[in-house]
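Below: one structure, written as C-alpha cells.
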Amino acid sequence: MTQPIVQLAIHETFQQTIQGEGHWAGTPVDFIRLAGCPVGCPWCDTGYAEGGGKGLPREWRSLPHLLAELKTPRVVISGGEPFLQPELVTLVTALLNDDRTVSIETSGAIWREIDDRAWVTLSPKQHVSPRYPVQPEFWSRANEVKLVIAQAEDLMFYNQALEKVDAPIFLQAEWDTPASLQVVLDLLKRYPQYRLSTQLHKYLGVQ
C-alpha cells in the first residue's frame with residue numbers, strides 16, 4: 001500500500017542563519033517556521049498577533065522538499081506555534097533520521113509527545129493570553145524556559161511553576177518595550193540563578 005505523503009503548512013524557511021536567543025544563541029542554524037498560531041501575542045514579529053495568521057502566506061510542503069533545502073546541522077522549528085500541527089512529530093523524526101539536531105520553540109499551549117532527542121524551548125505566553133495556558137507536561141519536558149519580559153509582573157506570574165523547573169531559565173526583554181531591558185537587568189540582580197537572553201539576530205540585523 002502506498003504511504004500518504006506527509007505535508008506541513010509552512011510560513012517560511014530560511015537557511016544558514018544563527019540562533020539569536022536562549023541557550024543556543026550564536027549557533028548556526030536553519031529555520032523552519034510552521035504556519036498558524038492561536039495565542040495572539042501582541043508583539044509577535046511573525047504576524048500572528050491576531051487571527052492565527054489566517055491572512056499570512058503559507059505553503060504546503062512535503063518532508064522530502066523540506067529536507068532537501070537544509071544546509072546546516074541544527075534545525076530550529078518555530079512558528080507560529082509548531083505543536084499546532086500534528087505532523088510536527090513526523091517532521092522531527094525525519095530530521096533526526098537525517099542526522100540533524102532539532103530545536104523546537106513553543107508557547108506550551110498544545111502538548112504532543114515528541115522524540116526525547118529534540119531540544120524544546122518553552123516560551124510561555126499565558127500571562128498575555130490566559131486562554132492558552134502552558135500544558136503541565138511542558139514544565140518537565142522543556143530543555144530551557146525563555147520568558148519574554150515587558151514588566152516585572154510577567155516573571156512573577158510564573159514563579160510557582162518555575163520553582164519546579166530543572167532547566168536553564170532565560171529572561172528576554174520584550175523588543176518593542178524599550179524600558180524592558182532595564183526591568184530584566186534588575187530582575188537578574190534579584191534572581192541570579194536566571195540568565196539573560198538577547199535577540200542577537202536583531203542586533204546583528206540578520207534574519
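Here's how to read the names in the C-alpha cells: chain A, B, ... by the order shown, residue numbers from 1 in each chain, ligand numbers from 1 in the order shown.
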Contacts of Leu187 (chain A) at 12 Å or less, counting only C-alpha atoms, minus same-chain residues fewer than 2 places along, as a ChimeraX atom specification? /A:147,149-156,170-173,180-185,189-196
Quick one: residues within 9 Å of Pro57 (chain A), only C-alpha atoms counted, chain neighbours fewer than 4 positions away excluded, as a ChimeraX atom specification? /A:10-12,35,53
N, CA and C atoms of the current selection, written as a PDB file, in the first residue's frame:
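File produced: again_23.pdb:
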ATOM      1  N   ILE A  10       3.637  25.598   5.868  1.00  0.00           N
ATOM      2  CA  ILE A  10       4.860  26.332   6.156  1.00  0.00           C
ATOM      3  C   ILE A  10       4.635  27.825   5.984  1.00  0.00           C
ATOM      4  N   HIS A  11       5.040  28.580   6.978  1.00  0.00           N
ATOM      5  CA  HIS A  11       5.033  30.043   6.856  1.00  0.00           C
ATOM      6  C   HIS A  11       6.242  30.501   6.043  1.00  0.00           C
ATOM      7  N   GLU A  12       7.418  30.010   6.427  1.00  0.00           N
ATOM      8  CA  GLU A  12       8.631  30.322   5.693  1.00  0.00           C
ATOM      9  C   GLU A  12       9.757  29.413   6.174  1.00  0.00           C
ATOM     10  N   ALA A  35       3.196  27.241   9.977  1.00  0.00           N
ATOM     11  CA  ALA A  35       2.156  28.264   9.885  1.00  0.00           C
ATOM     12  C   ALA A  35       1.086  28.075  10.949  1.00  0.00           C
ATOM     13  N   GLY A  53      -2.930  34.086  12.141  1.00  0.00           N
ATOM     14  CA  GLY A  53      -2.155  34.197  10.909  1.00  0.00           C
ATOM     15  C   GLY A  53      -2.900  33.754   9.670  1.00  0.00           C
TER      16      GLY A  53
END
All residues 12 Å or closer to Leu88 (chain A), only C-alpha atoms, same chain fewer than 4 positions away omitted, as a VMD selection string: chain A and resid 6 to 10 32 to 35 63 77 to 79 81 to 84 92 to 95 102 to 106 110 to 115 118
Limited to N, CA and C atoms, could you put the picked residues into a file as a compact mmCIF listing (two decimals), in the first residue's frame?
# COMPACT_ATOMS: atom_id res chain seq x y z
N VAL A 6 3.22 13.07 3.57
CA VAL A 6 3.07 13.99 4.70
C VAL A 6 3.42 15.39 4.23
N GLN A 7 2.52 16.33 4.47
CA GLN A 7 2.77 17.72 4.13
C GLN A 7 2.50 18.60 5.34
N LEU A 8 3.25 19.69 5.42
CA LEU A 8 3.10 20.62 6.52
C LEU A 8 2.83 22.01 5.97
N ALA A 9 2.01 22.77 6.71
CA ALA A 9 1.76 24.16 6.36
C ALA A 9 2.93 25.00 6.83
N ILE A 10 3.64 25.60 5.87
CA ILE A 10 4.86 26.33 6.16
C ILE A 10 4.63 27.83 5.98
N ILE A 32 12.77 26.42 10.17
CA ILE A 32 11.51 26.03 9.55
C ILE A 32 10.39 26.64 10.39
N ARG A 33 9.70 27.61 9.84
CA ARG A 33 8.58 28.24 10.55
C ARG A 33 7.28 27.60 10.09
N LEU A 34 6.61 26.90 10.99
CA LEU A 34 5.32 26.32 10.66
C LEU A 34 4.23 27.39 10.77
N ALA A 35 3.20 27.24 9.98
CA ALA A 35 2.16 28.26 9.88
C ALA A 35 1.09 28.07 10.95
N LEU A 63 7.86 16.52 3.28
CA LEU A 63 9.09 16.26 4.03
C LEU A 63 10.32 16.22 3.11
N ILE A 77 12.72 24.57 14.63
CA ILE A 77 11.32 24.58 14.20
C ILE A 77 10.59 25.59 15.08
N SER A 78 10.03 26.61 14.44
CA SER A 78 9.31 27.63 15.19
C SER A 78 7.99 27.90 14.48
N GLY A 79 7.39 29.03 14.76
CA GLY A 79 6.11 29.34 14.15
C GLY A 79 5.89 30.82 14.10
N GLU A 81 2.93 28.53 16.17
CA GLU A 81 3.01 27.54 17.24
C GLU A 81 3.22 26.16 16.60
N PRO A 82 4.44 25.61 16.67
CA PRO A 82 4.73 24.35 15.97
C PRO A 82 3.84 23.19 16.40
N PHE A 83 3.49 23.13 17.68
CA PHE A 83 2.71 21.99 18.18
C PHE A 83 1.26 22.03 17.71
N LEU A 84 0.88 23.09 17.03
CA LEU A 84 -0.47 23.16 16.45
C LEU A 84 -0.66 22.10 15.38
N VAL A 92 9.89 16.02 13.07
CA VAL A 92 11.02 15.88 14.00
C VAL A 92 11.73 14.55 13.76
N THR A 93 10.97 13.48 13.63
CA THR A 93 11.57 12.16 13.40
C THR A 93 12.38 12.15 12.11
N ALA A 94 11.83 12.74 11.05
CA ALA A 94 12.53 12.78 9.77
C ALA A 94 13.83 13.56 9.86
N LEU A 95 13.82 14.68 10.57
CA LEU A 95 15.03 15.48 10.73
C LEU A 95 16.10 14.73 11.53
N VAL A 102 17.75 18.94 16.40
CA VAL A 102 16.46 19.63 16.28
C VAL A 102 16.15 20.43 17.54
N SER A 103 15.77 21.68 17.34
CA SER A 103 15.23 22.52 18.41
C SER A 103 13.82 22.95 18.03
N ILE A 104 12.94 23.01 19.02
CA ILE A 104 11.56 23.45 18.79
C ILE A 104 11.25 24.57 19.76
N GLU A 105 10.67 25.65 19.25
CA GLU A 105 10.27 26.78 20.08
C GLU A 105 8.75 26.78 20.21
N THR A 106 8.25 26.80 21.45
CA THR A 106 6.82 26.66 21.67
C THR A 106 6.34 27.51 22.83
N ILE A 110 -0.06 23.72 23.46
CA ILE A 110 -0.58 22.48 22.88
C ILE A 110 0.46 21.39 23.09
N TRP A 111 0.07 20.29 23.70
CA TRP A 111 1.02 19.22 24.03
C TRP A 111 0.94 18.08 23.03
N ARG A 112 2.10 17.64 22.57
CA ARG A 112 2.24 16.40 21.81
C ARG A 112 3.53 15.73 22.25
N GLU A 113 3.51 14.41 22.31
CA GLU A 113 4.73 13.66 22.61
C GLU A 113 5.66 13.73 21.40
N ILE A 114 6.91 14.08 21.66
CA ILE A 114 7.90 14.08 20.59
C ILE A 114 9.16 13.38 21.07
N ASP A 115 10.04 13.08 20.15
CA ASP A 115 11.28 12.37 20.45
C ASP A 115 12.08 13.11 21.52
N ALA A 118 14.88 15.78 20.74
CA ALA A 118 14.58 17.15 20.31
C ALA A 118 14.69 18.10 21.49
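For the pair CA of Tyr132 (chain A) and CA of Pro38 (chain A), the interatomic distance is 8.2 Å.
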Nearby residues (only C-alpha atoms) at most 6 Å from Val75 (chain A), same-chain spacing under 2 positions excluded, as number ranges by chain: A: 29-31, 102
What would the file look like if the residues just selected were written as a PDB file, in the first residue's frame with C-alpha atoms?
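Okay, part_21.pdb is ready:
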ATOM      1  CA  VAL A  29      21.001  27.008  12.225  1.00  0.00           C
ATOM      2  CA  ASP A  30      18.344  26.600   9.558  1.00  0.00           C
ATOM      3  CA  PHE A  31      14.801  27.684  10.413  1.00  0.00           C
ATOM      4  CA  VAL A 102      16.461  19.627  16.277  1.00  0.00           C
TER       5      VAL A 102
END
As JSON, numbers by chain, list the residues of chain A assigned to alpha helix (DSSP H) by DSSP on the backbone atoms of this structure. {"A": [63, 64, 65, 66, 67, 68, 88, 89, 90, 91, 92, 93, 94, 95, 96, 97, 137, 138, 139, 140, 141, 152, 153, 154, 155, 156, 159, 160, 161, 162, 180, 181, 182, 183, 184, 185, 186, 187, 188, 189, 190, 200, 201, 202, 203, 204]}
C-alpha atoms of the current selection, written as an mmCIF file, in the first residue's frame:
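Output saved as again.cif:
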data_model
loop_
_atom_site.group_PDB
_atom_site.id
_atom_site.type_symbol
_atom_site.label_atom_id
_atom_site.label_comp_id
_atom_site.auth_asym_id
_atom_site.auth_seq_id
_atom_site.Cartn_x
_atom_site.Cartn_y
_atom_site.Cartn_z
ATOM 1 C CA LEU A 63 9.091 16.263 4.025
ATOM 2 C CA PRO A 64 11.452 15.483 1.109
ATOM 3 C CA HIS A 65 11.141 19.097 -0.040
ATOM 4 C CA LEU A 66 11.981 20.430 3.429
ATOM 5 C CA LEU A 67 14.896 18.041 3.915
ATOM 6 C CA ALA A 68 16.371 18.834 0.504
ATOM 7 C CA LEU A 88 5.273 18.076 13.763
ATOM 8 C CA VAL A 89 6.003 14.655 15.285
ATOM 9 C CA THR A 90 6.754 13.167 11.858
ATOM 10 C CA LEU A 91 8.866 16.180 10.876
ATOM 11 C CA VAL A 92 11.016 15.875 13.997
ATOM 12 C CA THR A 93 11.573 12.165 13.401
ATOM 13 C CA ALA A 94 12.527 12.777 9.766
ATOM 14 C CA LEU A 95 15.033 15.476 10.734
ATOM 15 C CA LEU A 96 16.626 13.308 13.407
ATOM 16 C CA ASN A 97 16.862 10.405 10.959
ATOM 17 C CA GLU A 137 3.821 18.352 30.713
ATOM 18 C CA PHE A 138 5.970 21.110 29.245
ATOM 19 C CA TRP A 139 7.355 22.287 32.579
ATOM 20 C CA SER A 140 9.232 18.994 32.943
ATOM 21 C CA ARG A 141 9.828 18.321 29.221
ATOM 22 C CA ALA A 152 8.422 42.564 36.375
ATOM 23 C CA GLU A 153 4.946 41.101 36.885
ATOM 24 C CA ASP A 154 5.497 38.921 33.805
ATOM 25 C CA LEU A 155 8.073 36.893 35.742
ATOM 26 C CA MET A 156 6.058 36.873 38.952
ATOM 27 C CA ASN A 159 7.152 31.987 39.928
ATOM 28 C CA GLN A 160 5.332 28.954 41.295
ATOM 29 C CA ALA A 161 5.801 26.908 38.127
ATOM 30 C CA LEU A 162 9.457 27.925 37.744
ATOM 31 C CA SER A 180 12.038 46.249 29.452
ATOM 32 C CA LEU A 181 15.801 45.713 29.218
ATOM 33 C CA GLN A 182 16.359 47.579 32.478
ATOM 34 C CA VAL A 183 13.487 45.607 34.015
ATOM 35 C CA VAL A 184 15.227 42.360 33.041
ATOM 36 C CA LEU A 185 18.617 43.536 34.356
ATOM 37 C CA ASP A 186 17.012 44.448 37.679
ATOM 38 C CA LEU A 187 15.284 41.061 37.849
ATOM 39 C CA LEU A 188 18.580 39.275 37.250
ATOM 40 C CA LYS A 189 20.001 41.017 40.320
ATOM 41 C CA ARG A 190 17.138 39.549 42.345
ATOM 42 C CA LEU A 200 21.150 38.593 18.952
ATOM 43 C CA HIS A 201 19.846 38.319 15.389
ATOM 44 C CA LYS A 202 18.081 41.679 15.701
ATOM 45 C CA TYR A 203 21.203 43.417 16.975
ATOM 46 C CA LEU A 204 23.175 41.938 14.071
#
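Of the residues under consideration (A:Cys44, A:Leu56, A:Val145, A:Val39), A:Cys44 shows the shortest atom-to-atom contact distance to Trp175 (chain A) when counting only C-alpha atoms.
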Please return as an MDAnalysis selection string: the residues of region 106-195 of chain A that backbone DSSP assigns to strand (DSSP E). chainID A and resid 106 119:122 144:149 169:173 195
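Atom pair CA of Thr101 (chain A) / CA of Arg74 (chain A) has a distance of 4.5 Å (rounded to one decimal).
Comparing the minimum interatomic distances between His127 (chain A) and each of A:Asn143, A:Ser107, A:Thr72, A:Thr198, counting only C-alpha atoms, we find that A:Ser107 sits nearest.
With CA of Gly205 (chain A) on one side and CA of Arg58 (chain A) on the other, the separation reads 24.2 Å.
Restricting the calculation to only C-alpha atoms, the smallest distance between Ser62 (chain A) and any of A:Gly36, A:Ile5, A:Trp119, A:Gln85 is found for A:Ile5.
Nearest residue to Gln19 (chain A), choosing from A:Leu70, A:Glu59, A:Pro124, A:Val76 and counting only C-alpha atoms: A:Val76.
For the choices A:Arg131, A:Leu122, A:Asp116, A:Arg61, the atom-to-atom distance to Val165 (chain A) is smallest for A:Leu122 when using only C-alpha atoms.
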Pick the closest to Thr177 (chain A) from A:Pro42, A:Glu163, A:Gln135, A:Ser197: which is it, counting only C-alpha atoms? A:Pro42
